[in-house]
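For reference, upload-v3.cif is printed below; it contains mmCIF, C-alpha atoms.
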```cif
data_final
#
loop_
_atom_site.group_PDB
_atom_site.id
_atom_site.type_symbol
_atom_site.label_atom_id
_atom_site.label_comp_id
_atom_site.auth_asym_id
_atom_site.auth_seq_id
_atom_site.Cartn_x
_atom_site.Cartn_y
_atom_site.Cartn_z
ATOM 1 C CA MET S 23 -1.328 -131.246 91.556
ATOM 2 C CA ILE S 24 1.903 -129.574 92.719
ATOM 3 C CA SER S 25 1.415 -127.033 95.485
ATOM 4 C CA PHE S 26 2.230 -123.682 93.924
ATOM 5 C CA ALA S 27 2.809 -122.026 97.304
ATOM 6 C CA ALA S 28 5.319 -124.719 98.263
ATOM 7 C CA ALA S 29 7.261 -124.585 95.003
ATOM 8 C CA PHE S 30 10.515 -122.673 95.461
ATOM 9 C CA GLY S 31 10.573 -119.550 93.315
ATOM 10 C CA GLY S 32 7.112 -119.960 91.782
ATOM 11 C CA GLU S 33 5.140 -117.912 94.269
ATOM 12 C CA ARG S 34 7.846 -115.245 94.168
ATOM 13 C CA VAL S 35 7.723 -115.014 90.375
ATOM 14 C CA LEU S 36 4.025 -114.123 90.398
ATOM 15 C CA HIS S 37 4.149 -111.987 93.517
ATOM 16 C CA PRO S 38 2.323 -108.719 92.674
ATOM 17 C CA HIS S 39 5.349 -106.549 93.470
ATOM 18 C CA ASN S 40 7.650 -108.681 91.293
ATOM 19 C CA VAL S 41 5.219 -108.772 88.364
ATOM 20 C CA GLN S 42 4.568 -105.035 88.550
ATOM 21 C CA ARG S 43 8.296 -104.377 88.536
ATOM 22 C CA ALA S 44 8.698 -106.667 85.505
ATOM 23 C CA LEU S 45 5.826 -104.939 83.728
ATOM 24 C CA LYS S 46 7.411 -101.518 84.211
ATOM 25 C CA GLN S 47 10.798 -102.808 83.022
ATOM 26 C CA VAL S 48 9.391 -104.281 79.802
ATOM 27 C CA ILE S 49 7.567 -101.025 79.061
ATOM 28 C CA ALA S 50 10.735 -99.048 79.776
ATOM 29 C CA ASN S 51 12.745 -101.332 77.461
ATOM 30 C CA LYS S 52 10.285 -100.564 74.639
ATOM 31 C CA GLY S 53 10.979 -102.827 71.696
ATOM 32 C CA SER S 54 8.748 -104.271 68.993
ATOM 33 C CA ALA S 55 5.598 -106.323 69.280
ATOM 34 C CA GLY S 56 5.726 -110.100 68.914
ATOM 35 C CA VAL S 57 3.578 -112.442 66.846
ATOM 36 C CA ASP S 58 0.368 -111.283 68.572
ATOM 37 C CA ARG S 59 1.120 -107.661 67.546
ATOM 38 C CA ILE S 60 0.433 -106.371 71.067
ATOM 39 C CA SER S 61 2.758 -103.431 71.709
ATOM 40 C CA VAL S 62 4.390 -102.427 74.979
ATOM 41 C CA ASN S 63 1.945 -99.519 75.158
ATOM 42 C CA GLU S 64 -0.919 -102.030 75.178
ATOM 43 C CA LEU S 65 0.695 -104.427 77.643
ATOM 44 C CA THR S 66 -0.765 -102.991 80.857
ATOM 45 C CA GLU S 67 -4.354 -103.220 79.647
ATOM 46 C CA SER S 68 -3.823 -106.604 77.987
ATOM 47 C CA PHE S 69 -2.295 -108.004 81.166
ATOM 48 C CA ARG S 70 -5.096 -106.601 83.340
ATOM 49 C CA LYS S 71 -7.739 -108.303 81.221
ATOM 50 C CA GLY S 72 -5.980 -111.659 80.968
ATOM 51 C CA LYS S 73 -4.185 -111.873 84.329
ATOM 52 C CA THR S 74 -6.559 -114.356 85.983
ATOM 53 C CA GLN S 75 -6.429 -116.803 83.078
ATOM 54 C CA LEU S 76 -2.670 -116.344 82.675
ATOM 55 C CA TYR S 77 -1.927 -117.044 86.336
ATOM 56 C CA SER S 78 -4.242 -120.047 86.327
ATOM 57 C CA SER S 79 -2.525 -121.583 83.298
ATOM 58 C CA ILE S 80 0.889 -121.145 84.933
ATOM 59 C CA LYS S 81 -0.171 -122.621 88.281
ATOM 60 C CA GLU S 82 -1.918 -125.565 86.596
ATOM 61 C CA MET S 83 1.170 -126.252 84.444
ATOM 62 C CA GLU S 84 -0.790 -125.542 81.257
ATOM 63 C CA TYR S 85 0.925 -122.343 80.117
ATOM 64 C CA LEU S 86 2.217 -122.381 76.553
ATOM 65 C CA ALA S 87 4.670 -119.783 75.305
ATOM 66 C CA GLN S 88 3.723 -118.079 72.075
ATOM 67 C CA PRO S 89 5.997 -118.417 69.032
ATOM 68 C CA ILE S 90 9.008 -116.130 68.730
ATOM 69 C CA LEU S 91 8.922 -113.577 65.932
ATOM 70 C CA GLY S 92 12.104 -113.886 63.865
ATOM 71 C CA VAL S 93 13.340 -110.660 62.264
ATOM 72 C CA GLU S 94 16.550 -110.174 60.271
ATOM 73 C CA ILE S 95 18.435 -107.038 61.312
ATOM 74 C CA PRO S 96 21.585 -105.597 59.702
ATOM 75 C CA LYS S 97 25.021 -105.883 61.304
ATOM 76 C CA GLY S 98 27.865 -103.427 60.928
ATOM 77 C CA ASN S 99 29.830 -105.724 58.591
ATOM 78 C CA GLY S 100 27.100 -105.778 55.953
ATOM 79 C CA LYS S 101 25.710 -109.079 57.177
ATOM 80 C CA THR S 102 22.462 -109.696 59.028
ATOM 81 C CA ARG S 103 21.561 -111.569 62.185
ATOM 82 C CA LEU S 104 18.307 -113.130 63.286
ATOM 83 C CA LEU S 105 16.634 -111.353 66.189
ATOM 84 C CA GLY S 106 14.045 -113.316 68.149
ATOM 85 C CA ILE S 107 11.209 -111.194 69.572
ATOM 86 C CA PRO S 108 8.902 -112.827 72.138
ATOM 87 C CA THR S 109 5.469 -111.350 72.783
ATOM 88 C CA VAL S 110 5.325 -108.571 75.363
ATOM 89 C CA THR S 111 3.454 -110.876 77.762
ATOM 90 C CA ASP S 112 6.176 -113.508 77.525
ATOM 91 C CA ARG S 113 8.814 -110.796 77.955
ATOM 92 C CA MET S 114 7.087 -109.639 81.121
ATOM 93 C CA LEU S 115 7.009 -113.184 82.543
ATOM 94 C CA GLN S 116 10.622 -113.765 81.527
ATOM 95 C CA GLN S 117 11.626 -110.558 83.271
ATOM 96 C CA ALA S 118 9.719 -111.658 86.383
ATOM 97 C CA VAL S 119 11.569 -114.994 86.413
ATOM 98 C CA SER S 120 14.911 -113.273 85.841
ATOM 99 C CA GLN S 121 14.349 -110.908 88.766
ATOM 100 C CA VAL S 122 13.810 -113.885 91.086
ATOM 101 C CA LEU S 123 16.651 -116.057 89.781
ATOM 102 C CA MET S 124 19.438 -113.535 89.285
ATOM 103 C CA PRO S 125 20.158 -112.864 92.991
ATOM 104 C CA HIS S 126 20.853 -116.584 93.414
ATOM 105 C CA TYR S 127 23.495 -116.522 90.673
ATOM 106 C CA GLU S 128 25.146 -113.122 91.118
ATOM 107 C CA SER S 129 27.514 -114.343 93.844
ATOM 108 C CA GLU S 130 28.945 -116.963 91.463
ATOM 109 C CA PHE S 131 30.034 -114.521 88.764
ATOM 110 C CA SER S 132 33.647 -113.502 88.463
ATOM 111 C CA VAL S 133 34.463 -110.007 89.703
ATOM 112 C CA ASN S 134 35.932 -109.484 86.239
ATOM 113 C CA SER S 135 32.628 -110.221 84.474
ATOM 114 C CA TYR S 136 30.801 -107.106 83.256
ATOM 115 C CA GLY S 137 28.366 -108.440 80.651
ATOM 116 C CA PHE S 138 24.625 -108.912 81.208
ATOM 117 C CA ARG S 139 24.825 -108.166 84.929
ATOM 118 C CA PRO S 140 22.973 -105.614 87.063
ATOM 119 C CA ASN S 141 24.956 -102.442 87.700
ATOM 120 C CA LYS S 142 27.700 -103.619 85.335
ATOM 121 C CA ASN S 143 28.472 -102.262 81.868
ATOM 122 C CA ALA S 144 31.049 -102.074 79.098
ATOM 123 C CA ARG S 145 32.331 -98.682 80.273
ATOM 124 C CA GLN S 146 33.312 -100.201 83.606
ATOM 125 C CA ALA S 147 35.095 -103.009 81.755
ATOM 126 C CA VAL S 148 37.061 -100.459 79.724
ATOM 127 C CA GLY S 149 37.949 -98.639 82.933
ATOM 128 C CA LYS S 150 39.248 -101.856 84.492
ATOM 129 C CA ALA S 151 41.284 -102.591 81.354
ATOM 130 C CA LEU S 152 42.846 -99.111 81.620
ATOM 131 C CA GLU S 153 43.782 -99.872 85.217
ATOM 132 C CA HIS S 154 45.618 -102.980 84.040
ATOM 133 C CA ILE S 155 47.400 -100.949 81.354
ATOM 134 C CA HIS S 156 48.573 -98.450 83.985
ATOM 135 C CA GLU S 157 49.838 -101.403 86.015
ATOM 136 C CA GLY S 158 52.136 -102.282 83.120
ATOM 137 C CA TYR S 159 50.115 -104.832 81.176
ATOM 138 C CA THR S 160 50.483 -103.909 77.510
ATOM 139 C CA PHE S 161 48.413 -106.468 75.590
ATOM 140 C CA ILE S 162 44.641 -106.543 75.091
ATOM 141 C CA ILE S 163 43.177 -109.678 73.521
ATOM 142 C CA ASP S 164 39.622 -109.491 72.159
ATOM 143 C CA ILE S 165 37.870 -112.885 72.058
ATOM 144 C CA ASP S 166 34.301 -113.346 70.832
ATOM 145 C CA LEU S 167 32.304 -116.576 71.145
ATOM 146 C CA LYS S 168 30.764 -116.596 67.681
ATOM 147 C CA THR S 169 27.013 -117.331 67.602
ATOM 148 C CA PHE S 170 27.114 -118.398 71.269
ATOM 149 C CA PHE S 171 23.578 -117.221 71.943
ATOM 150 C CA ASP S 172 22.383 -118.881 68.731
ATOM 151 C CA GLU S 173 23.863 -122.283 69.522
ATOM 152 C CA VAL S 174 23.824 -122.666 73.309
ATOM 153 C CA ASP S 175 22.678 -126.183 74.178
ATOM 154 C CA HIS S 176 19.236 -126.196 75.817
ATOM 155 C CA CYS S 177 19.826 -129.409 77.778
ATOM 156 C CA LEU S 178 23.068 -128.083 79.234
ATOM 157 C CA LEU S 179 21.411 -124.777 80.121
ATOM 158 C CA LEU S 180 18.430 -126.468 81.797
ATOM 159 C CA ASN S 181 20.681 -128.832 83.743
ATOM 160 C CA LEU S 182 22.713 -125.894 85.038
ATOM 161 C CA LEU S 183 19.536 -124.113 86.114
ATOM 162 C CA TYR S 184 18.104 -127.208 87.774
ATOM 163 C CA GLN S 185 21.100 -127.412 90.097
ATOM 164 C CA LYS S 186 19.584 -124.450 91.930
ATOM 165 C CA VAL S 187 16.042 -124.008 90.651
ATOM 166 C CA LYS S 188 14.000 -126.910 92.001
ATOM 167 C CA CYS S 189 10.641 -125.262 91.392
ATOM 168 C CA PRO S 190 8.892 -127.355 88.687
ATOM 169 C CA ILE S 191 6.649 -124.467 87.662
ATOM 170 C CA THR S 192 9.559 -122.072 87.118
ATOM 171 C CA MET S 193 11.560 -124.724 85.271
ATOM 172 C CA ARG S 194 8.560 -125.490 83.055
ATOM 173 C CA LEU S 195 8.207 -121.821 82.155
ATOM 174 C CA ILE S 196 11.864 -121.627 81.121
ATOM 175 C CA ARG S 197 11.626 -124.873 79.167
ATOM 176 C CA LYS S 198 8.566 -123.645 77.263
ATOM 177 C CA TRP S 199 10.323 -120.391 76.345
ATOM 178 C CA LEU S 200 13.402 -122.211 75.113
ATOM 179 C CA ARG S 201 11.348 -124.599 73.012
ATOM 180 C CA ALA S 202 8.882 -122.101 71.598
ATOM 181 C CA PRO S 203 8.991 -122.210 67.782
ATOM 182 C CA ILE S 204 10.244 -119.230 65.829
ATOM 183 C CA GLN S 205 8.112 -117.622 63.122
ATOM 184 C CA ILE S 206 10.048 -116.399 60.088
ATOM 185 C CA ASN S 207 8.171 -114.922 57.143
ATOM 186 C CA GLY S 208 4.948 -116.491 58.382
ATOM 187 C CA LYS S 209 6.364 -120.015 58.796
ATOM 188 C CA LEU S 210 7.046 -121.761 62.113
ATOM 189 C CA TYR S 211 10.366 -123.516 62.749
ATOM 190 C CA LYS S 212 11.328 -125.702 65.703
ATOM 191 C CA ARG S 213 14.231 -124.644 67.904
ATOM 192 C CA ARG S 214 16.286 -127.030 70.009
ATOM 193 C CA THR S 215 19.567 -125.208 70.597
ATOM 194 C CA ALA S 216 19.220 -121.491 69.978
ATOM 195 C CA LYS S 217 17.552 -118.998 72.271
ATOM 196 C CA PRO S 218 16.118 -115.678 71.037
ATOM 197 C CA SER S 219 18.419 -112.807 71.892
ATOM 198 C CA ARG S 220 15.696 -110.733 73.565
ATOM 199 C CA ILE S 221 15.040 -113.334 76.274
ATOM 200 C CA PRO S 222 16.425 -111.878 79.515
ATOM 201 C CA ILE S 223 17.327 -115.192 81.077
ATOM 202 C CA LYS S 224 21.074 -115.151 81.800
ATOM 203 C CA ASN S 225 23.080 -118.128 80.561
ATOM 204 C CA ARG S 226 26.670 -116.907 80.807
ATOM 205 C CA GLN S 227 26.977 -118.087 84.407
ATOM 206 C CA GLU S 228 29.141 -121.118 83.740
ATOM 207 C CA MET S 229 31.672 -119.213 81.641
ATOM 208 C CA SER S 230 31.887 -116.527 84.289
ATOM 209 C CA LYS S 231 32.221 -119.041 87.131
ATOM 210 C CA GLY S 232 35.126 -120.721 85.411
ATOM 211 C CA SER S 233 36.909 -117.507 84.554
ATOM 212 C CA SER S 234 38.938 -117.549 87.764
ATOM 213 C CA THR S 235 40.672 -120.729 86.616
ATOM 214 C CA ARG S 236 40.697 -120.291 82.844
ATOM 215 C CA PHE S 237 41.603 -116.605 82.842
ATOM 216 C CA SER S 238 44.028 -114.588 84.914
ATOM 217 C CA ASN S 239 42.800 -112.084 87.473
ATOM 218 C CA LYS S 240 43.626 -109.394 84.918
ATOM 219 C CA SER S 241 40.938 -110.640 82.531
ATOM 220 C CA VAL S 242 37.842 -108.614 81.773
ATOM 221 C CA ILE S 243 34.752 -110.471 80.519
ATOM 222 C CA VAL S 244 32.085 -108.452 78.706
#
```
Translate this file's structure into structure tokens.
Amino acid sequence: MISFAAAFGGERVLHPHNVQRALKQVIANKGSAGVDRISVNELTESFRKGKTQLYSSIKEMEYLAQPILGVEIPKGNGKTRLLGIPTVTDRMLQQAVSQVLMPHYESEFSVNSYGFRPNKNARQAVGKALEHIHEGYTFIIDIDLKTFFDEVDHCLLLNLLYQKVKCPITMRLIRKWLRAPIQINGKLYKRRTAKPSRIPIKNRQEMSKGSSTRFSNKSVIV
């Protein structure tokens, strides 16, 4: 059996302070219940009762992510998009993993990247764009990677993560979340490319890293 204490990242993910912080963040984020119908208001008590068994399953490499609940939500253009909602327990664990991994990736992001980063937001991006306008740049080009989060390749994502994350337990958790089936109208469907949009694991790192060569220093990525 793999030593959990020796595995990089694993012991930090389940450190009481990290888990408690993740628990509070998931509750603060609110959101809907997943397939088990446990709400964020019930998460604290549910976690308290099942913590020992949950931790044991993770350490013994037996943890299985629950299916994602697929819900169609309206978009502004009259169309709909599929929203994937993990259970609140999975969201808490995902948040705990994210809190451990993100500091190792933050230094690799472009200074011009404002999306999905701590202490960064769209308002700051707009402010930077205004600075460029005042410097004499008169064109703003809006580019959107259509369905990027729906079609990101799991193998590519996992390979990028493995370059830094050597902890087999942490990597197994991420792999199980990515491969969890999605439940739509009561039926389960396999997923091999798309990730549910509520998962907090960041996968825009590579685009942001390359922005210094593919975009000018006047680019703003949101």
Between S:Ile204, S:Ile49, S:Leu210, S:Val41, which residue has the minimum interatomic distance to Gln121 in chain S, considering all atoms listed in the file?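 Closest to Gln121 in chain S, using all atoms listed in the file: S:Val41.
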Find the nearest atom pair between each residue of range 39-109 of chain S and range 178-202 of chain S for residues within 8 Å, count all atoms listed in the file, give distances in Å to one decimal, sort rows by chain and ascending number, and present the table as a tab-separated table.
```
residue	atom	partner	partner_atom	distance
S:Ile80	CA	S:Ile191	CA	7.2
S:Lys81	CA	S:Ile191	CA	7.1
S:Met83	CA	S:Ile191	CA	6.6
S:Tyr85	CA	S:Leu195	CA	7.6
S:Leu86	CA	S:Lys198	CA	6.5
S:Ala87	CA	S:Trp199	CA	5.8
S:Gln88	CA	S:Ala202	CA	6.6
S:Pro89	CA	S:Ala202	CA	5.3
S:Ile90	CA	S:Ala202	CA	6.6
```
Kindly give the distance, in Å, that separates CA of Val174 in chain S and CA of Lys97 in chain S, rounded to a single decimal.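 Going from CA of Val174 in chain S over to CA of Lys97 in chain S, I get 20.7 Å.
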For Arg213 in chain S, which of S:Arg113, S:Gly106, S:Val133, S:Thr169 is the closest residue, counting all atoms listed in the file?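 Closest residue, counting all atoms listed in the file: S:Gly106.
For the atom pair formed by CA of Gln205 in chain S and CA of Leu91 in chain S, the distance is 5.0 Å, given to one decimal.
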Centre, edges in Å (one decimal): axis-aligned box, range 169-177 of chain S, 3 Å padding on all six sides, as AutoDock Vina command-line options:
```
--center_x 23.2 --center_y -123.3 --center_z 72.7 --size_x 13.9 --size_y 18.2 --size_z 16.2
```
Output of the PyMOL selection byres ((chain S and resi 64-77) around 10), listed as a PDB file with C-alpha atoms, in the frame of the given file:
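Everything below was put into expr01.pdb:
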```
ATOM      1  CA  LEU S  36       4.025-114.123  90.398  1.00  0.00           C
ATOM      2  CA  GLN S  42       4.568-105.035  88.550  1.00  0.00           C
ATOM      3  CA  LEU S  45       5.826-104.939  83.728  1.00  0.00           C
ATOM      4  CA  LYS S  46       7.411-101.518  84.211  1.00  0.00           C
ATOM      5  CA  VAL S  48       9.391-104.281  79.802  1.00  0.00           C
ATOM      6  CA  ILE S  49       7.567-101.025  79.061  1.00  0.00           C
ATOM      7  CA  ALA S  55       5.598-106.323  69.280  1.00  0.00           C
ATOM      8  CA  ARG S  59       1.120-107.661  67.546  1.00  0.00           C
ATOM      9  CA  ILE S  60       0.433-106.371  71.067  1.00  0.00           C
ATOM     10  CA  SER S  61       2.758-103.431  71.709  1.00  0.00           C
ATOM     11  CA  VAL S  62       4.390-102.427  74.979  1.00  0.00           C
ATOM     12  CA  ASN S  63       1.945 -99.519  75.158  1.00  0.00           C
ATOM     13  CA  SER S  78      -4.242-120.047  86.327  1.00  0.00           C
ATOM     14  CA  SER S  79      -2.525-121.583  83.298  1.00  0.00           C
ATOM     15  CA  ILE S  80       0.889-121.145  84.933  1.00  0.00           C
ATOM     16  CA  LYS S  81      -0.171-122.621  88.281  1.00  0.00           C
ATOM     17  CA  GLU S  82      -1.918-125.565  86.596  1.00  0.00           C
ATOM     18  CA  MET S  83       1.170-126.252  84.444  1.00  0.00           C
ATOM     19  CA  GLU S  84      -0.790-125.542  81.257  1.00  0.00           C
ATOM     20  CA  TYR S  85       0.925-122.343  80.117  1.00  0.00           C
ATOM     21  CA  LEU S  86       2.217-122.381  76.553  1.00  0.00           C
ATOM     22  CA  THR S 109       5.469-111.350  72.783  1.00  0.00           C
ATOM     23  CA  VAL S 110       5.325-108.571  75.363  1.00  0.00           C
ATOM     24  CA  THR S 111       3.454-110.876  77.762  1.00  0.00           C
ATOM     25  CA  MET S 114       7.087-109.639  81.121  1.00  0.00           C
TER      26      MET S 114
END
```
